[in-house]
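Everything on this sheet refers to the single structure shown next.
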Amino acid sequence: MAEQKHNEHLLELACPVEGGDFIHAGEVASKIKKTLKEIGVSQEVVRRTAIATYEAEMNVVCYARRGKFYLTITPDRLKIVVQDEGQGIEDIELAMKEGYSTASPQIREMGFGAGMGLPNIKKNVDQLQITSVVGEGTRLEMDIFTQC
Amino acid sequence: MTLKEMKEILNAEVLVGGEYLDSEVRDAFAADLLSDVLAFAKEGTLLITGITNPQVIRTAEMLELMGIVFVRGKRPDGDAIKLAQMKKVPLLSTRYIMFETCGRLFKNGVKGCIEKVENGRAEA
């Protein structure tokens with residue numbers, strides 16, 4: 001389960017996610033949301049982080065074999081890194097386009113896979129970096145500034 | 001209106017959250033696409049949907065929605081019900097179709113949580 005440690009950063013959290021596990025999908029986002037609320041992060045930041053993290057978690061569950069979420073909180077920002085092992089993304093620019101999707105009918109039946117996930121993540125974070133190696137996996141780095 | 005008044009207007013059954021029926025329904029969002037809900041629904045909004053899997057409850061949790069009405073007589077399964085109980089998300093089920101559900105609520109003063117979408121962004 002999640003490991004939590006305090007050191008030079010205010011807080012660090014690492015949570016694994018299993019691909020294809022639709023029953024537990026959302027638990028990591030839920031845990032991160034709860035953690036942020038407990039330490040008193042502003043409601044607006046909690047909301048944006050929860051949406052971005054949940055979308056990213058659904059991406060891992062829908063498209064990857066497994067992944068890991070790393071949350072780091074420093075005085076000025078939250079950083080969430082999602083590293084997955086899976087098929088990777090061939091064309092990141094295309095994947096960022098609203099409406100572009102490679103989702104299976106099952107994923108669409110669940111109410112996802114409309115090609116809105118990555119654009120919605122981008123809309124909710126202050127900085128987003130995506131790197132991917134086809135056949136190996138994808139890495140998302142999301143930064144959310146906590147001070148204006 | 002309150003959830004209780006809404007329950008009567010929609011002739012709905014309360015599946016979870018009978019203790020929250022005094023909560024005020026301020027505005028609503030209706031969709032069968034959770035990606036759209038995640039993109040456009042606001043905190044405290046009522047969700048009207050035909051999606052009944054546990055992800056709809058997770059979505060409500062993430063956005064802090066005030067409750068969910070399932071349309072077309074749909075009912076979530078045990079996993080989703082359990083999750084809703086745990087997360088304290090009121091769930092109601094109505095036999096009205098989505099159009100009728102929205103129309104009846106709108107006629108009784110419930111507005112959309114946003115009015116329009118322009119270039120993928122919500123417009124007030």
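The way I read the labels, and the way they are meant: chains A, B, ... in the order of the structure tokens, residue 1 as the first residue of every chain, and ligand 1 as the first ligand shown, with later ones counted on from there.
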
inquiry  = If you run DSSP on the backbone here, which positions in chain A get alpha helix (DSSP H)? Please write them as a ChimeraX atom specification.
reply    = /A:27-38,43-63,92-95,105-109,117-124

Contacts of range 55-61 of chain A at 8 Å or less, counting only C-alpha atoms, minus same-chain residues fewer than 6 places along, as a tab-separated table (two decimals) with N, CA and C atoms, in the first residue's frame?
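selection24.tsv was written with the following content:
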chain	number	residue	atom	x	y	z
A	17	VAL	N	-0.90	1.44	-8.73
A	17	VAL	CA	-2.21	1.26	-9.38
A	17	VAL	C	-2.09	0.07	-10.34
A	18	GLU	N	-3.06	-0.82	-10.30
A	18	GLU	CA	-3.06	-1.99	-11.19
A	18	GLU	C	-3.89	-1.72	-12.44
A	19	GLY	N	-3.32	-2.01	-13.61
A	19	GLY	CA	-4.08	-1.87	-14.85
A	19	GLY	C	-5.26	-2.84	-14.85
A	20	GLY	N	-6.39	-2.42	-15.35
A	20	GLY	CA	-7.56	-3.29	-15.47
A	20	GLY	C	-8.36	-3.48	-14.20
A	21	ASP	N	-7.91	-2.90	-13.10
A	21	ASP	CA	-8.63	-3.08	-11.82
A	21	ASP	C	-9.67	-1.96	-11.66
A	22	PHE	N	-10.84	-2.18	-12.27
A	22	PHE	CA	-11.86	-1.13	-12.27
A	22	PHE	C	-12.58	-1.01	-10.93
A	25	ALA	N	-10.29	1.35	-8.99
A	25	ALA	CA	-9.91	2.56	-9.72
A	25	ALA	C	-10.46	3.79	-9.02
A	26	GLY	N	-9.60	4.71	-8.71
A	26	GLY	CA	-10.03	5.93	-8.03
A	26	GLY	C	-9.56	6.00	-6.59
A	28	VAL	N	-6.50	5.80	-5.41
A	28	VAL	CA	-5.31	6.63	-5.23
A	28	VAL	C	-5.70	8.11	-5.24
A	29	ALA	N	-6.55	8.47	-6.20
A	29	ALA	CA	-7.01	9.86	-6.26
A	29	ALA	C	-7.74	10.23	-4.97
A	67	GLY	N	0.97	0.96	-12.71
A	67	GLY	CA	1.60	2.27	-12.62
A	67	GLY	C	1.83	2.66	-11.19
A	82	VAL	N	3.27	10.31	-12.44
A	82	VAL	CA	2.64	9.02	-12.72
A	82	VAL	C	3.53	8.28	-13.70
A	84	ASP	N	3.91	4.74	-15.65
A	84	ASP	CA	3.26	3.45	-15.88
A	84	ASP	C	4.06	2.55	-16.80
A	117	GLY	N	-9.57	13.01	-21.39
A	117	GLY	CA	-8.76	12.83	-20.18
A	117	GLY	C	-7.53	13.72	-20.12
A	118	LEU	N	-6.63	13.55	-21.09
A	118	LEU	CA	-5.40	14.35	-21.06
A	118	LEU	C	-5.70	15.85	-21.18
A	120	ASN	N	-8.26	17.39	-20.13
A	120	ASN	CA	-8.83	17.82	-18.85
A	120	ASN	C	-7.74	17.89	-17.77
A	121	ILE	N	-6.77	16.99	-17.84
A	121	ILE	CA	-5.64	17.06	-16.90
A	121	ILE	C	-4.91	18.37	-17.12

Considering only C-alpha atoms, tabulate each residue of chain B that lies at most 8 Å from chain A along with its nearest interatomic pair and the corresponding distance in Å to one decimal; arrange the rows by chain and ascending residue number and present them as a Markdown table.
| residue | atom | partner | partner_atom | distance |
| --- | --- | --- | --- | --- |
| B:Asp32 | CA | A:Gly111 | CA | 6.3 |
| B:Leu33 | CA | A:Gly111 | CA | 4.5 |
| B:Leu34 | CA | A:Gly111 | CA | 4.9 |
| B:Ser35 | CA | A:Phe112 | CA | 5.7 |
| B:Asp36 | CA | A:Met116 | CA | 7.5 |
| B:Leu38 | CA | A:Ile51 | CA | 6.7 |
| B:Ala39 | CA | A:Asn120 | CA | 6.1 |
| B:Ile51 | CA | A:Gly111 | CA | 6.9 |
| B:Asn53 | CA | A:Met110 | CA | 7.0 |
| B:Pro54 | CA | A:Ile23 | CA | 7.1 |
| B:Gln55 | CA | A:Ala25 | CA | 7.4 |
| B:Arg58 | CA | A:Gly26 | CA | 6.2 |
| B:Glu61 | CA | A:Ser30 | CA | 7.8 |
| B:Met62 | CA | A:Ala50 | CA | 5.6 |
| B:Leu63 | CA | A:Arg47 | CA | 6.6 |
| B:Asp79 | CA | A:Ile23 | CA | 7.9 |

inquiry  = List as JSON, numbers by chain the protein and nucleic acid residues near Thr2 in chain B, meaning an atom at most 12 Å away when only C-alpha atoms are counted, but skip any in the same chain fewer than 6 places from it.
reply    = {"B": [8, 9, 20, 21, 22, 23, 24, 25, 26, 27, 46, 66, 67, 105, 108, 109, 110]}

query = Using only C-alpha atoms, which of the listed residues (B:Gly103, B:Gly120, B:Pro76, B:Gly44) sits closest to Val56 in chain B?
reply = B:Pro76

DSSP-assigned strand (DSSP E or B) among range 48-101 of chain B, expressed as a PyMOL selection string = chain B and resi 48-49+67-70+91-93

inquiry  = Env of Ala122 in chain B: 10 Å cut, atoms = only C-alpha atoms, seq-sep filter 2 positions within chain, self excluded. Answer as a count of residues only.
reply    = 12

key: CA of Glu5 in chain B to CA of Ala30 in chain B, distance in Å rounded to a single decimal   =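 Between CA of Glu5 in chain B and CA of Ala30 in chain B the gap works out to 18.7 Å.
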
query = Contacts of Arg95 in chain B at 7 Å or less, counting only C-alpha atoms, minus same-chain residues fewer than 2 places along, as JSON, numbers by chain?
reply = {"B": [71, 72, 73, 93, 97]}

For the residues in the current selection, export C-alpha atoms as a compact mmCIF listing (two decimals), in the first residue's frame.
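And here is the file that came out, result-v9.txt:
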# COMPACT_ATOMS: atom_id res chain seq x y z
CA VAL B 71 -32.54 7.97 -14.91
CA ARG B 72 -34.45 5.41 -17.04
CA GLY B 73 -35.01 3.25 -13.95
CA SER B 93 -33.35 6.38 -9.02
CA ILE B 97 -35.87 9.43 -19.06

key: Distance criterion (only C-alpha atoms): nearest to Arg65 in chain A out of A:Gly135, A:Ala14, A:Ile144, A:Ile130   = A:Gly135

query = Do you have the CA of Lys107 in chain B-CA of Leu92 in chain B distance handy?
reply =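 Answer for the CA of Lys107 in chain B to CA of Leu92 in chain B separation: 19.1 Å.
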
key: Atom-to-atom span, CA of Tyr100 in chain A and CA of Gly50 in chain B, Å   =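 Rounded to one decimal, the two atoms are 23.5 Å apart.
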